[in-house]
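Chemist: Data file final.cif (mmCIF, C-alpha atoms) is appended below.
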```cif
data_model
loop_
_atom_site.label_atom_id
_atom_site.label_comp_id
_atom_site.auth_asym_id
_atom_site.auth_seq_id
_atom_site.Cartn_x
_atom_site.Cartn_y
_atom_site.Cartn_z
CA MET T 35 -4.10 -80.34 -105.00
CA ILE T 36 -0.88 -82.03 -104.06
CA LEU T 37 -1.70 -84.82 -106.48
CA ALA T 38 -2.15 -82.38 -109.31
CA ALA T 39 1.19 -80.82 -108.51
CA THR T 40 3.10 -84.04 -108.30
CA GLY T 41 1.53 -86.14 -111.01
CA THR T 42 1.59 -89.91 -110.90
CA ILE T 43 3.26 -91.60 -108.01
CA GLY T 44 6.85 -92.57 -108.68
CA VAL T 45 9.94 -93.55 -106.79
CA THR T 46 10.50 -89.95 -105.72
CA HIS T 47 7.35 -89.86 -103.62
CA TYR T 48 8.38 -92.98 -101.75
CA LEU T 49 11.83 -91.51 -101.21
CA VAL T 50 10.34 -88.36 -99.70
CA VAL T 51 8.21 -90.41 -97.30
CA GLY T 52 11.26 -92.45 -96.39
CA ALA T 53 13.28 -89.28 -95.83
CA ILE T 54 10.67 -87.87 -93.46
CA MET T 55 10.51 -91.08 -91.45
CA PHE T 56 14.29 -91.32 -91.37
CA THR T 57 14.63 -87.75 -90.11
CA ALA T 58 11.95 -88.27 -87.49
CA GLY T 59 13.79 -91.37 -86.30
CA VAL T 60 17.13 -89.59 -86.08
CA VAL T 61 15.61 -86.76 -84.07
CA CYS T 62 13.82 -89.28 -81.87
CA MET T 63 17.10 -91.08 -81.17
CA ALA T 64 18.87 -87.82 -80.38
CA VAL T 65 16.21 -86.11 -78.29
CA LYS T 66 14.42 -88.76 -76.25
CA ARG T 67 15.61 -89.40 -72.72
CA ASN T 68 13.58 -92.57 -72.28
CA ALA T 69 15.57 -95.57 -73.52
CA LEU T 70 12.43 -97.03 -75.07
CA GLY T 71 11.95 -93.78 -76.98
CA VAL T 72 15.44 -94.19 -78.41
CA LEU T 73 14.47 -97.72 -79.44
CA MET T 74 11.41 -96.40 -81.22
CA GLY T 75 13.60 -93.92 -83.06
CA ILE T 76 15.75 -96.78 -84.30
CA GLU T 77 12.65 -98.56 -85.56
CA LEU T 78 11.62 -95.43 -87.46
CA VAL T 79 15.06 -95.10 -89.07
CA LEU T 80 15.03 -98.71 -90.20
CA ASN T 81 11.55 -98.26 -91.63
CA GLY T 82 12.58 -95.20 -93.60
CA ALA T 83 15.40 -97.18 -95.16
CA ASN T 84 13.01 -100.05 -95.84
CA ILE T 85 10.67 -97.77 -97.77
CA ASN T 86 13.55 -96.80 -100.02
CA PHE T 87 14.51 -100.44 -100.59
CA VAL T 88 10.98 -101.42 -101.54
CA ALA T 89 10.53 -98.36 -103.76
CA PHE T 90 13.69 -99.10 -105.71
CA GLY T 91 12.71 -102.72 -106.02
CA SER T 92 9.18 -102.14 -107.23
CA SER T 93 8.49 -102.63 -110.90
CA TYR T 94 5.32 -100.55 -110.58
CA LEU T 95 7.27 -97.42 -109.71
CA ALA T 96 10.42 -97.62 -111.77
CA GLY T 97 10.76 -95.87 -115.08
CA GLU T 98 11.17 -97.68 -118.33
CA GLY T 99 13.09 -100.90 -118.14
CA ARG T 100 13.81 -102.99 -115.11
CA PRO T 101 13.68 -101.50 -111.63
CA PRO T 102 17.09 -100.61 -110.22
CA LEU T 103 16.99 -103.22 -107.50
CA GLY T 104 14.27 -105.64 -108.48
CA LEU T 105 13.77 -108.52 -106.14
CA ASP T 106 16.94 -107.59 -104.27
CA GLY T 107 15.11 -104.66 -102.73
CA GLU T 108 12.42 -106.87 -101.26
CA VAL T 109 14.95 -109.36 -99.92
CA MET T 110 16.96 -106.56 -98.35
CA ALA T 111 13.78 -105.20 -96.74
CA LEU T 112 13.03 -108.64 -95.30
CA PHE T 113 16.52 -108.91 -93.85
CA VAL T 114 16.21 -105.45 -92.36
CA ILE T 115 12.91 -106.41 -90.72
CA LEU T 116 14.45 -109.57 -89.25
CA LEU T 117 17.53 -107.79 -87.94
CA ALA T 118 15.34 -105.06 -86.48
CA ALA T 119 13.37 -107.68 -84.58
CA ALA T 120 16.59 -109.19 -83.22
CA GLU T 121 17.94 -105.77 -82.32
CA ALA T 122 14.73 -104.85 -80.51
CA ALA T 123 14.89 -108.06 -78.45
CA VAL T 124 18.47 -107.48 -77.30
CA ALA T 125 18.01 -103.75 -76.72
CA LEU T 126 14.89 -104.38 -74.67
CA ALA T 127 16.74 -106.96 -72.57
CA ILE T 128 19.52 -104.43 -71.96
CA THR T 129 16.97 -101.78 -71.04
CA LEU T 130 15.24 -104.09 -68.58
CA ASN T 131 18.58 -104.96 -67.02
CA PHE T 132 19.43 -101.28 -66.73
CA TYR T 133 16.06 -100.64 -65.15
CA ASN T 134 16.53 -103.46 -62.66
CA ASN T 135 19.96 -102.18 -61.65
CA HIS T 136 19.35 -98.44 -61.60
CA GLY T 137 15.61 -98.04 -61.22
CA THR T 138 15.30 -95.73 -64.18
CA VAL T 139 15.24 -95.81 -67.97
CA ASP T 140 16.69 -92.33 -68.43
CA VAL T 141 19.61 -92.68 -70.80
CA ASP T 142 21.27 -89.60 -69.32
CA ARG T 143 21.70 -91.55 -66.09
CA ALA T 144 23.57 -94.37 -67.81
CA ASP T 145 26.96 -92.76 -67.19
CA ASP T 146 28.65 -95.38 -65.03
CA LEU T 147 31.35 -95.89 -67.64
CA ARG T 148 32.06 -92.20 -68.12
CA GLY T 149 35.80 -91.62 -68.05
CA MET I 768 -10.22 -103.91 -112.18
CA ASN I 769 -7.70 -104.05 -109.46
CA LEU I 770 -5.55 -101.34 -108.07
CA VAL I 771 -2.40 -102.26 -109.87
CA THR I 772 -3.81 -102.14 -113.36
CA ASP I 773 -5.57 -98.89 -112.55
CA CYS I 774 -2.38 -97.06 -111.90
CA LEU I 775 -0.69 -98.49 -114.94
CA LEU I 776 -3.30 -97.55 -117.50
CA PRO I 777 -2.32 -94.85 -119.94
CA PRO I 778 -3.83 -91.49 -118.98
CA PRO I 779 -7.42 -91.64 -120.22
CA GLN I 780 -9.38 -88.82 -121.83
CA GLY I 781 -12.36 -86.88 -120.53
CA ALA I 782 -14.87 -88.54 -118.28
CA LEU I 783 -12.81 -91.66 -117.94
CA LEU I 784 -10.35 -89.56 -115.99
CA LEU I 785 -12.85 -89.36 -113.14
CA ALA I 786 -13.71 -93.03 -113.32
CA VAL I 787 -10.07 -93.96 -112.99
CA ILE I 788 -9.38 -91.27 -110.40
CA ASP I 789 -5.99 -92.56 -109.58
CA TRP I 790 -6.72 -94.73 -106.58
CA HIS I 791 -3.06 -95.52 -106.39
CA ALA I 792 -2.21 -91.88 -105.84
CA ALA I 793 -5.07 -91.35 -103.40
CA LEU I 794 -4.21 -94.36 -101.29
CA PHE I 795 -0.54 -93.48 -101.45
CA LEU I 796 -1.34 -90.02 -100.14
CA LEU I 797 -3.43 -91.46 -97.31
CA PHE I 798 -0.80 -93.96 -96.20
CA ALA I 799 2.05 -91.48 -96.64
CA LEU I 800 0.30 -88.84 -94.55
CA VAL I 801 -0.50 -91.32 -91.77
CA ALA I 802 3.05 -92.72 -91.80
CA CYS I 803 4.79 -89.35 -91.76
CA GLY I 804 2.35 -87.69 -89.37
CA ALA I 805 2.57 -90.53 -86.87
CA ALA I 806 6.37 -90.57 -87.16
CA VAL I 807 6.50 -86.85 -86.37
CA MET I 808 4.10 -87.39 -83.48
CA VAL I 809 6.44 -90.03 -82.06
CA VAL I 810 9.08 -87.33 -81.87
CA LEU I 811 6.83 -84.64 -80.44
CA THR I 812 5.14 -86.72 -77.74
CA ASP I 813 6.82 -87.11 -74.38
CA ASN I 814 4.49 -89.80 -73.04
CA VAL I 815 6.09 -93.11 -73.89
CA VAL I 816 2.77 -94.98 -74.10
CA ARG I 817 1.44 -92.56 -76.72
CA MET I 818 4.74 -92.82 -78.56
CA ALA I 819 4.20 -96.57 -78.84
CA LEU I 820 0.67 -96.00 -80.16
CA HIS I 821 1.90 -93.57 -82.80
CA LEU I 822 4.65 -95.97 -83.76
CA VAL I 823 2.01 -98.65 -84.37
CA LEU I 824 0.16 -96.27 -86.69
CA SER I 825 3.32 -95.30 -88.54
CA LEU I 826 4.52 -98.86 -89.09
CA GLY I 827 1.07 -100.03 -90.14
CA ALA I 828 0.82 -97.28 -92.73
CA THR I 829 4.28 -98.26 -93.94
CA ALA I 830 2.95 -101.75 -94.54
CA GLY I 831 0.21 -100.16 -96.64
CA LEU I 832 2.88 -98.38 -98.68
CA PHE I 833 4.63 -101.70 -99.24
CA PHE I 834 1.39 -103.22 -100.53
CA LEU I 835 0.95 -100.28 -102.89
CA ALA I 836 4.47 -100.71 -104.24
CA GLY I 837 3.72 -104.32 -105.14
CA ALA I 838 5.75 -105.90 -102.35
CA GLU I 839 2.94 -107.95 -100.85
CA PHE I 840 5.11 -110.41 -98.98
CA VAL I 841 7.26 -107.71 -97.41
CA GLY I 842 4.13 -105.80 -96.43
CA SER I 843 2.59 -108.78 -94.70
CA MET I 844 5.89 -109.55 -92.98
CA GLN I 845 5.99 -105.93 -91.83
CA LEU I 846 2.55 -106.34 -90.30
CA MET I 847 3.35 -109.67 -88.67
CA ILE I 848 6.88 -109.07 -87.39
CA TYR I 849 6.91 -105.34 -86.75
CA VAL I 850 3.40 -104.48 -85.73
CA GLY I 851 2.69 -107.91 -84.28
CA GLY I 852 6.00 -108.80 -82.70
CA THR I 853 8.43 -105.97 -82.20
CA LEU I 854 5.82 -103.53 -80.97
CA VAL I 855 4.32 -106.01 -78.56
CA LEU I 856 7.85 -106.37 -77.23
CA LEU I 857 8.18 -102.60 -76.93
CA VAL I 858 4.81 -102.27 -75.21
CA PHE I 859 5.85 -104.93 -72.73
CA GLY I 860 8.99 -102.92 -72.09
CA VAL I 861 6.89 -99.84 -71.49
CA MET I 862 4.66 -101.71 -69.07
CA LEU I 863 7.55 -103.26 -67.17
CA THR I 864 9.35 -99.96 -66.71
CA ALA I 865 6.32 -97.69 -66.37
CA GLN I 866 6.53 -95.43 -63.37
CA THR I 867 4.78 -92.14 -63.06
CA LYS I 868 7.97 -90.12 -63.19
CA LEU I 869 9.39 -92.15 -66.05
CA VAL I 870 6.37 -92.25 -68.34
CA ALA I 871 6.86 -88.64 -69.37
CA LEU I 872 10.53 -87.73 -69.35
CA GLN I 873 10.77 -84.16 -70.51
CA THR I 874 13.32 -83.11 -73.08
CA PRO I 875 15.08 -79.80 -72.44
CA PRO I 876 13.85 -77.12 -74.85
CA GLY I 877 17.37 -76.26 -75.96
CA ASP I 878 17.86 -79.82 -77.17
CA ARG I 879 14.63 -79.54 -79.11
CA VAL I 880 15.79 -76.43 -80.95
CA ILE I 881 19.13 -77.95 -81.91
CA ALA I 882 17.44 -81.17 -82.99
CA GLY I 883 14.93 -79.20 -85.05
CA ILE I 884 17.67 -77.34 -86.91
CA LEU I 885 19.60 -80.54 -87.59
CA ALA I 886 16.42 -82.29 -88.68
CA ALA I 887 15.57 -79.52 -91.14
CA ALA I 888 19.05 -79.72 -92.66
CA LEU I 889 18.98 -83.52 -92.93
CA LEU I 890 15.48 -83.50 -94.40
CA ALA I 891 16.47 -80.86 -96.96
CA VAL I 892 19.44 -82.93 -98.11
CA LEU I 893 17.42 -86.14 -98.35
CA VAL I 894 14.46 -84.61 -100.18
CA GLN I 895 16.75 -82.73 -102.52
CA SER I 896 18.55 -85.92 -103.47
CA ALA I 897 15.24 -87.72 -103.89
CA VAL I 898 13.75 -85.11 -106.20
CA SER I 899 16.84 -84.30 -108.20
CA ILE I 900 17.06 -87.60 -110.10
CA GLU I 901 14.89 -87.31 -113.17
CA PRO I 902 14.15 -90.99 -114.03
CA TRP I 903 12.80 -91.63 -110.54
CA ARG I 904 9.91 -89.27 -111.15
CA ARG I 905 8.47 -91.22 -114.02
CA PRO I 906 5.97 -93.92 -113.14
CA GLY I 907 6.54 -97.41 -114.36
CA ARG I 908 5.11 -99.28 -117.30
CA ALA I 909 6.67 -102.58 -116.47
CA GLU I 910 4.76 -105.71 -117.34
CA VAL I 911 2.51 -106.69 -114.48
CA GLN I 912 2.68 -110.21 -113.20
CA PRO I 913 0.17 -111.70 -110.80
CA PRO I 914 1.36 -111.30 -107.25
CA SER I 915 3.31 -114.28 -106.07
CA ALA I 916 5.84 -114.99 -103.38
CA THR I 917 7.55 -117.67 -105.45
CA PRO I 918 10.48 -115.58 -106.77
CA LEU I 919 11.13 -114.29 -103.28
CA GLY I 920 11.11 -117.73 -101.73
CA MET I 921 13.28 -119.17 -104.49
CA ALA I 922 15.75 -116.31 -104.07
CA LEU I 923 15.96 -116.99 -100.36
CA VAL I 924 16.92 -120.61 -101.01
CA GLY I 925 19.46 -119.59 -103.62
CA VAL I 926 17.74 -119.85 -107.00
CA ARG I 927 16.77 -116.72 -108.90
CA VAL I 928 13.77 -117.17 -111.15
CA ASP I 929 12.97 -113.48 -111.67
CA SER I 930 15.76 -112.45 -114.04
CA PRO I 931 15.19 -113.03 -117.72
CA ALA I 932 16.60 -116.27 -119.03
CA ALA I 933 18.24 -114.47 -121.93
CA GLU I 934 20.69 -112.77 -119.64
CA SER I 935 24.17 -114.13 -119.53
CA GLU I 936 25.27 -116.18 -116.59
CA SER I 937 27.57 -113.45 -115.31
CA ARG I 938 24.91 -110.75 -115.21
CA ARG I 939 22.31 -112.87 -113.49
CA ARG I 940 21.81 -111.89 -109.90
CA SER I 941 22.74 -114.40 -107.27
CA GLY I 942 20.54 -115.92 -104.60
CA TYR I 943 20.47 -115.37 -100.90
CA LEU I 944 21.00 -118.78 -99.34
CA LEU I 945 24.06 -117.79 -97.29
CA PRO I 946 22.58 -114.54 -95.88
CA PHE I 947 19.41 -116.49 -95.11
CA GLU I 948 21.35 -119.02 -93.05
CA ILE I 949 23.41 -116.32 -91.37
CA VAL I 950 20.30 -114.40 -90.40
CA SER I 951 18.60 -117.49 -89.04
CA VAL I 952 21.58 -118.39 -86.86
CA HIS I 953 21.84 -114.74 -85.86
CA LEU I 954 18.21 -114.75 -84.74
CA LEU I 955 18.77 -117.89 -82.69
CA VAL I 956 21.85 -116.45 -80.99
CA VAL I 957 20.15 -113.14 -80.35
CA LEU I 958 17.08 -114.69 -78.81
CA VAL I 959 19.16 -116.92 -76.54
CA GLY I 960 21.23 -113.91 -75.56
CA ALA I 961 18.15 -111.79 -74.90
CA ALA I 962 16.66 -114.49 -72.71
CA TYR I 963 19.96 -114.67 -70.82
CA LEU I 964 20.19 -110.91 -70.38
CA ALA I 965 16.60 -110.47 -69.25
CA ARG I 966 16.52 -113.43 -66.87
CA ALA I 967 15.44 -113.00 -63.29
CA LYS I 968 18.23 -112.03 -60.98
CA ARG I 969 19.29 -114.60 -58.38
CA ARG I 970 19.64 -113.38 -54.83
CA ARG I 971 23.14 -112.95 -53.52
CA THR I 972 22.34 -113.32 -49.82
CA PRO I 973 23.60 -116.62 -48.39
CA ARG I 974 20.94 -119.18 -47.75
CA PRO I 975 20.26 -119.99 -44.06
CA ILE I 976 21.35 -123.59 -44.54
CA ASP I 977 24.78 -122.45 -45.65
CA VAL I 978 25.15 -120.28 -42.60
CA VAL I 979 24.18 -123.14 -40.32
CA ALA I 980 26.43 -125.60 -42.10
CA SER I 981 29.50 -123.43 -41.91
CA ALA I 982 28.96 -122.93 -38.16
CA ASP I 983 31.05 -119.78 -38.44
CA PRO I 984 29.86 -116.22 -38.61
CA PRO I 985 29.60 -115.19 -42.24
CA PRO I 986 32.74 -113.40 -43.43
CA PRO I 987 32.61 -109.63 -43.35
CA PRO I 988 31.51 -108.20 -46.69
CA GLN I 989 34.07 -106.88 -49.10
CA PRO I 990 34.94 -103.27 -48.38
CA GLY I 991 33.92 -101.96 -51.78
CA GLU I 992 30.53 -103.56 -52.05
CA PRO I 993 28.27 -102.01 -49.39
CA GLU I 994 29.26 -98.47 -50.23
CA ARG I 995 28.45 -98.98 -53.86
CA ARG I 996 25.05 -100.40 -53.04
CA GLU I 997 24.28 -97.50 -50.75
CA ALA I 998 25.42 -95.03 -53.37
CA THR I 999 23.11 -96.64 -55.90
CA SER I 1000 20.14 -96.49 -53.60
CA VAL I 1001 20.84 -92.86 -52.82
CA LEU I 1002 21.11 -92.17 -56.52
CA VAL I 1003 17.78 -93.86 -57.18
CA GLY I 1004 16.07 -92.17 -54.30
CA SER I 1005 17.22 -88.69 -55.20
CA GLY I 1006 15.43 -88.85 -58.56
CA ARG I 1007 17.20 -86.05 -60.36
#
```
Mind turning the file's structure into structure tokens?
Modeler:
Amino acid sequence: MILAATGTIGVTHYLVVGAIMFTAGVVCMAVKRNALGVLMGIELVLNGANINFVAFGSSYLAGEGRPPLGLDGEVMALFVILLAAAEAAVALAITLNFYNNHGTVDVDRADDLRG
Amino acid sequence: MNLVTDCLLPPPQGALLLAVIDWHAALFLLFALVACGAAVMVVLTDNVVRMALHLVLSLGATAGLFFLAGAEFVGSMQLMIYVGGTLVLLVFGVMLTAQTKLVALQTPPGDRVIAGILAAALLAVLVQSAVSIEPWRRPGRAEVQPPSATPLGMALVGVRVDSPAAESESRRRSGYLLPFEIVSVHLLVVLVGAAYLARAKRRRTPRPIDVVASADPPPPPQPGEPERREATSVLVGSGR
């Protein structure tokens, strides 16, 4: 039914999926009180952006002519994946340190530097 | 006939329509539903272990979407680095910090309502901008090349082999050798820093041999320190 309404898959469909994942990640970052939940929200946001990169770089999805990004989209997605891995490592180390010092992972309790 | 050529065939007539029932669209719908549904479940679940499980589902389905878009290398990297590496890291974090009162930290309902309103607005803007561009809705007819990671690898070491040779030198896209090096050094620095941050804490209490060697009573502690430690323990014990 949805397929009949939307026709063949194009860049737009990928963008919609990316938008939903991005929004879910933003809400996850804003709402979760567990620091690891905030981390997972960041991963979702980066993945939503990655879907857009790959969709714009895919020659199977673009209209006539060359895709807007081409290979650049795939390379950007790879860099995003690598930086996300690095970010997860550092953020997890910070979270473990916070847990060791305060005995909790509730981000609302991380207010030692509040002015 | 493989998946890629299926979706690129011109729309066939009659019975052939069923034979070529757009596996691209069907698989896209499957992966997209799993990815989006699991992403929404990550938001709605309060249990951090289940959130990690849903995140695995969502990222795995995203890798499927990458395969469908023809980015095989990125899809496999997504599976290896994200699902295999980053999430194992996250699950270790969950296990190391798992306490019964911390596993399910409740979100206040007022925050949920505000977040829902903001999410609806953001989603409306994003979807509107995605749908409003006409050329993005048309599927591609680009010439299909056999899948290969060669252009990607050559681009990462600085040589672009994917742009047509007829293009002028100025319009040809450049390679990625410098970002590649920067990212590799960045990864090294980050991993060393993470190992430093997450190292085991050394005890601050003086060793007995030092006390004996000094032959003096240990100096009284600094005035600020004991109070702070007590305040921290009270804070932890109260468990807001």
Chemist: Apply the PyMOL selection byres ((chain T and resi 116-128) around 8) to the file shown and report the selected residues as a ChimeraX atom specification.
Modeler: /T:70,73,77,80,112-115,129-132 /I:848-849,852-853,856-857,860,950,954,957-958,960-962,964-965
Chemist: Would you kindly translate the PyMOL selection byres ((chain T and resi 58-66) around 7) into the concrete residues it picks from this file, as a PyMOL selection string?
Modeler: (chain T and resi 54-57+67-68+71-72+75-76+78-79) or (chain I and resi 806-807+810+874+878-879+882+886)
Chemist: Name the residues that the PyMOL selection byres ((chain I and resi 829-842) around 9) picks from the file above, as a VMD selection string, using the file's chain letters and numbers.
Modeler: (chain T and resid 48 81 to 82 85 88 to 89 91 to 95 108 to 109 111 to 112 115) or (chain I and resid 770 to 771 791 794 to 795 798 to 799 801 to 802 824 to 828 843 to 847 914 to 916 919)
Chemist: Just how far from CA of Trp790 in chain I is CA of Cys803 in chain I, in Å to one decimal?
Modeler: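 So the two atoms, CA of Cys803 in chain I and CA of Trp790 in chain I, lie 19.5 Å apart.
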